[in-house]
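What follows is the content of protein-v8.csv, which has CSV, C-alpha atoms:
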chain,number,residue,atom,x,y,z
A,196,MET,CA,0.0,0.0,0.0
A,197,ARG,CA,2.8,2.4,0.9
A,198,ALA,CA,4.5,1.5,-2.4
A,199,MET,CA,1.2,2.2,-4.2
A,200,ILE,CA,0.9,5.6,-2.6
A,201,ALA,CA,4.5,6.4,-3.5
A,202,ALA,CA,3.9,5.3,-7.0
A,203,LEU,CA,0.8,7.4,-7.3
A,204,SER,CA,2.7,10.4,-5.8
A,205,MET,CA,5.5,10.0,-8.3
A,206,GLY,CA,2.9,9.7,-11.1
A,207,LEU,CA,1.4,13.0,-10.0
A,208,LEU,CA,4.8,14.6,-9.7
A,209,ALA,CA,5.5,13.5,-13.2
A,210,MET,CA,2.5,15.4,-14.4
A,211,ALA,CA,3.4,18.6,-12.6
A,212,PRO,CA,4.2,21.5,-14.9
A,213,GLY,CA,7.8,21.9,-15.7
A,214,SER,CA,8.9,18.9,-13.8
A,215,ALA,CA,8.7,16.0,-16.1
A,216,HIS,CA,7.3,16.5,-19.6
A,217,ALA,CA,9.8,16.1,-22.4
A,218,GLY,CA,9.1,19.2,-24.3
A,219,GLY,CA,12.7,20.4,-24.5
A,220,ASP,CA,14.6,21.5,-27.6
A,221,PRO,CA,17.6,19.2,-28.2
A,222,GLU,CA,19.6,21.8,-30.2
A,223,ALA,CA,19.2,24.3,-27.4
A,224,GLY,CA,20.1,21.6,-24.9
A,225,LYS,CA,23.3,20.8,-26.9
A,226,ALA,CA,24.3,24.5,-26.6
A,227,LYS,CA,23.8,24.5,-22.9
A,228,SER,CA,25.5,21.2,-22.2
A,229,ALA,CA,29.2,22.3,-22.4
A,230,VAL,CA,29.5,22.5,-18.6
A,231,CYS,CA,28.0,19.0,-18.2
A,232,ALA,CA,30.4,17.5,-20.8
A,233,GLY,CA,33.4,17.5,-18.4
A,234,CYS,CA,31.9,14.6,-16.5
A,235,HIS,CA,29.1,13.2,-18.7
A,236,GLY,CA,30.9,13.3,-22.0
A,237,ILE,CA,30.2,15.6,-25.0
A,238,ASP,CA,27.3,13.3,-26.1
A,239,GLY,CA,26.3,12.0,-22.7
A,240,ASN,CA,28.6,9.0,-22.9
A,241,SER,CA,30.7,9.5,-19.8
A,242,THR,CA,34.1,7.8,-20.0
A,243,ASN,CA,34.6,7.7,-16.2
A,244,PRO,CA,32.4,4.9,-15.0
A,245,GLN,CA,31.6,6.7,-11.8
A,246,TRP,CA,29.4,9.2,-13.7
A,247,PRO,CA,26.3,7.9,-15.3
A,248,LYS,CA,25.8,7.8,-19.1
A,249,LEU,CA,23.0,10.1,-20.0
A,250,ALA,CA,22.9,9.3,-23.7
A,251,GLY,CA,19.6,7.7,-24.7
A,252,GLN,CA,18.1,7.9,-21.2
A,253,HIS,CA,14.4,8.8,-20.9
A,254,ALA,CA,14.1,12.6,-21.0
A,255,ILE,CA,11.4,12.5,-18.3
A,256,TYR,CA,13.7,10.6,-15.9
A,257,LEU,CA,16.5,13.1,-16.6
A,258,VAL,CA,14.2,16.1,-15.9
A,259,THR,CA,13.0,14.5,-12.7
A,260,ALA,CA,16.5,13.7,-11.6
A,261,VAL,CA,17.8,17.3,-12.2
A,262,HIS,CA,14.9,18.8,-10.4
A,263,ALA,CA,15.6,16.5,-7.5
A,264,TYR,CA,19.3,17.6,-7.4
A,265,LYS,CA,18.3,21.2,-7.6
A,266,SER,CA,15.8,21.0,-4.8
A,267,GLY,CA,18.1,18.8,-2.6
A,268,ALA,CA,15.6,15.9,-2.6
A,269,ARG,CA,18.5,14.0,-4.2
A,270,LYS,CA,21.6,15.0,-2.3
A,271,ASN,CA,24.8,15.3,-4.3
A,272,SER,CA,27.4,17.9,-3.5
A,273,LEU,CA,28.8,17.8,-7.1
A,274,MET,CA,25.5,18.0,-8.9
A,275,LYS,CA,23.7,20.6,-6.8
A,276,PRO,CA,25.9,23.6,-7.7
A,277,MET,CA,26.0,22.5,-11.3
A,278,VAL,CA,22.2,22.6,-11.7
A,279,GLN,CA,21.3,25.4,-9.2
A,280,GLU,CA,21.0,28.1,-11.9
A,281,LEU,CA,19.2,26.0,-14.5
A,282,SER,CA,15.7,27.1,-15.4
A,283,ASP,CA,12.9,24.6,-16.1
A,284,GLU,CA,13.4,25.3,-19.8
A,285,ASP,CA,17.2,24.7,-19.5
A,286,ILE,CA,16.5,21.4,-17.7
A,287,GLU,CA,14.0,20.3,-20.4
A,288,ASP,CA,16.4,21.3,-23.2
A,289,LEU,CA,19.3,19.4,-21.7
A,290,ALA,CA,17.1,16.3,-21.1
A,291,ALA,CA,15.9,16.5,-24.7
A,292,PHE,CA,19.5,16.7,-26.0
A,293,TYR,CA,20.8,13.8,-23.9
A,294,SER,CA,17.9,11.5,-24.6
A,295,SER,CA,18.3,12.1,-28.3
A,296,GLN,CA,21.9,10.9,-28.2
A,297,LYS,CA,23.0,7.3,-28.8
A,298,GLN,CA,24.5,5.3,-26.0
A,299,LYS,CA,27.9,3.9,-26.7
B,2,MET,CA,37.8,23.2,-3.2
B,3,ARG,CA,34.6,21.7,-1.7
B,4,ALA,CA,34.0,20.1,-5.1
B,5,MET,CA,37.5,18.7,-5.1
B,6,ILE,CA,37.0,17.2,-1.7
B,7,ALA,CA,33.7,15.8,-2.7
B,8,ALA,CA,35.3,14.3,-5.9
B,9,LEU,CA,38.1,12.8,-3.8
B,10,SER,CA,35.7,11.4,-1.3
B,11,MET,CA,33.7,9.8,-4.1
B,12,GLY,CA,36.9,8.4,-5.6
B,13,LEU,CA,37.7,6.8,-2.3
B,14,LEU,CA,34.2,5.5,-2.0
B,15,ALA,CA,34.6,4.0,-5.4
B,16,MET,CA,37.6,2.0,-4.2
B,17,ALA,CA,35.9,0.7,-1.1
B,18,PRO,CA,35.5,-3.1,-1.1
B,19,GLY,CA,32.1,-4.2,-2.4
B,20,SER,CA,30.9,-0.8,-3.2
B,21,ALA,CA,31.9,0.0,-6.7
B,22,HIS,CA,34.1,-2.5,-8.5
B,23,ALA,CA,32.5,-4.2,-11.4
B,24,GLY,CA,33.3,-7.8,-10.6
B,25,GLY,CA,29.8,-9.2,-10.9
B,26,ASP,CA,28.6,-12.2,-12.9
B,27,PRO,CA,26.1,-11.1,-15.6
B,28,GLU,CA,24.5,-14.5,-15.8
B,29,ALA,CA,23.9,-14.7,-12.1
B,30,GLY,CA,22.6,-11.1,-12.3
B,31,LYS,CA,20.2,-12.1,-15.0
B,32,ALA,CA,18.8,-14.8,-12.8
B,33,LYS,CA,18.4,-12.3,-9.9
B,34,SER,CA,16.8,-9.5,-12.0
B,35,ALA,CA,13.2,-10.8,-12.3
B,36,VAL,CA,11.9,-8.5,-9.6
B,37,CYS,CA,13.6,-5.5,-11.2
B,38,ALA,CA,12.1,-6.3,-14.6
B,39,GLY,CA,8.6,-5.0,-13.7
B,40,CYS,CA,9.8,-1.4,-13.8
B,41,HIS,CA,13.2,-1.5,-15.5
B,42,GLY,CA,12.3,-4.0,-18.3
B,43,ILE,CA,13.6,-7.5,-18.8
B,44,ASP,CA,16.8,-6.2,-20.4
B,45,GLY,CA,17.1,-2.9,-18.5
B,46,ASN,CA,15.2,-1.0,-21.1
B,47,SER,CA,12.3,0.4,-19.2
B,48,THR,CA,9.3,1.3,-21.2
B,49,ASN,CA,7.8,3.7,-18.7
B,50,PRO,CA,9.9,6.9,-19.1
B,51,GLN,CA,9.6,7.6,-15.4
B,52,TRP,CA,12.0,4.7,-14.6
B,53,PRO,CA,15.6,4.9,-15.8
B,54,LYS,CA,17.0,2.6,-18.5
B,55,LEU,CA,19.7,0.5,-16.9
B,56,ALA,CA,20.9,-1.2,-20.0
B,57,GLY,CA,24.4,-0.3,-21.0
B,58,GLN,CA,24.9,1.9,-17.9
B,59,HIS,CA,28.3,1.8,-16.2
B,60,ALA,CA,28.3,-1.1,-13.7
B,61,ILE,CA,30.2,1.0,-11.2
B,62,TYR,CA,27.6,3.7,-11.3
B,63,LEU,CA,24.8,1.1,-10.8
B,64,VAL,CA,26.6,-0.5,-7.9
B,65,THR,CA,27.1,2.9,-6.2
B,66,ALA,CA,23.4,3.8,-6.8
B,67,VAL,CA,22.0,0.6,-5.4
B,68,HIS,CA,24.2,0.9,-2.3
B,69,ALA,CA,23.0,4.5,-1.9
B,70,TYR,CA,19.3,3.3,-2.1
B,71,LYS,CA,20.1,0.5,0.4
B,72,SER,CA,21.7,2.8,2.9
B,73,GLY,CA,19.2,5.6,2.5
B,74,ALA,CA,21.8,8.0,1.3
B,75,ARG,CA,19.7,8.2,-1.8
B,76,LYS,CA,16.1,8.3,-0.6
B,77,ASN,CA,13.5,6.5,-2.7
B,78,SER,CA,10.5,4.8,-1.1
B,79,LEU,CA,10.1,2.5,-4.1
B,80,MET,CA,13.7,1.4,-4.5
B,81,LYS,CA,14.7,1.1,-0.8
B,82,PRO,CA,12.5,-2.0,-0.1
B,83,MET,CA,13.5,-3.5,-3.4
B,84,VAL,CA,17.2,-3.5,-2.6
B,85,GLN,CA,17.1,-3.9,1.1
B,86,GLU,CA,17.8,-7.7,1.1
B,87,LEU,CA,20.4,-7.6,-1.7
B,88,SER,CA,23.9,-8.7,-0.7
B,89,ASP,CA,27.0,-7.0,-2.1
B,90,GLU,CA,27.4,-9.9,-4.5
B,91,ASP,CA,23.8,-9.6,-5.7
B,92,ILE,CA,24.3,-5.9,-6.4
B,93,GLU,CA,27.5,-6.6,-8.4
B,94,ASP,CA,25.8,-9.4,-10.3
B,95,LEU,CA,22.8,-7.2,-11.2
B,96,ALA,CA,25.0,-4.3,-12.2
B,97,ALA,CA,27.1,-6.6,-14.4
B,98,PHE,CA,24.0,-7.9,-16.1
B,99,TYR,CA,22.4,-4.6,-16.8
B,100,SER,CA,25.7,-3.0,-18.0
B,101,SER,CA,26.1,-5.9,-20.4
B,102,GLN,CA,22.8,-5.2,-22.0
B,103,LYS,CA,22.3,-3.1,-25.1
B,104,GLN,CA,20.3,0.2,-24.7
B,105,LYS,CA,17.3,0.4,-27.0
Written as structure tokens, how would this file's structure read?
Amino acid sequence: MRAMIAALSMGLLAMAPGSAHAGGDPEAGKAKSAVCAGCHGIDGNSTNPQWPKLAGQHAIYLVTAVHAYKSGARKNSLMKPMVQELSDEDIEDLAAFYSSQKQK
Amino acid sequence: MRAMIAALSMGLLAMAPGSAHAGGDPEAGKAKSAVCAGCHGIDGNSTNPQWPKLAGQHAIYLVTAVHAYKSGARKNSLMKPMVQELSDEDIEDLAAFYSSQKQK
């Protein structure tokens, strides 16, 4: 039951404006991704296995993850300062870019 | 400086026994993955875009993520009960399996 409530809550979260729809612009996201490339690779294929590959990942998942880093719901001392200044549009653009890339 | 300390800490974490080396057995992981498949797909390609694709992800990243769910460092009310009973070996086997799969 708790799992069901959690699943429903996350479903509602996914429908919240700006939090999880995949309406970003991949070209705009590419232009904004330079600072991410240091760890995640130019095309989202990180070479250091400590950092996740983002290439080909679901955009909605990426949007949700970045919002969680930004809010502190998902605690990460490296990611928080990287995403702190991103707007909802920036986050959606970046997610659209990475999800459009091919995993290698 | 703080970022550097965090990076060093995560580097040390990655070297800790059982936490992040990719020594798992993909075949054993496949056999253990049935319960994960409901959300993440049989081969780690989740069809629901709320759940991340695991196929082709770095094994070390997957190991670290599951340990973080298990310890509560990464809070997730759906994932915590799913990983609570996994041993270090289970986690490495699962990570080896998913990282060996092809992202679709």
Discussion item. Report, in Å with one decimal, the straight-line distance from atom CA of Asn243 of chain A to atom CA of Lys297 of chain A.
Written reply: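 Between these atoms lies a distance of 17.1 Å.
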Worksheet item: What residues in chain A have any atom no more than 8 Å from chain B when counting all atoms listed in the file, and can you write them as an NGL selection string?
Response: :A and (198 or 201-202 or 209 or 244-248 or 251-256 or 268-270 or 272-273 or 298-299)
Practice prompt. Would you mind reading off the distance between atom CA of Pro27 of chain B and atom CA of Ser295 of chain A, one decimal, in Å?
Written response: 27.6 Å
Discussion item. For a cutoff of 12 Å around the file-coordinate point (14.3, 21.7, -18.7), which residues qualify once you count all atoms listed in the file? I'd like the result as an MDAnalysis selection string.
Written reply: chainID A and resid 212:221 223:224 227:228 254:262 265 278 280:293
Discussion item. As an exercise, work out the distance from atom CA of Ala35 of chain B to atom CA of Met83 of chain B in Å and give it to one decimal place.
Written reply: 11.5 Å
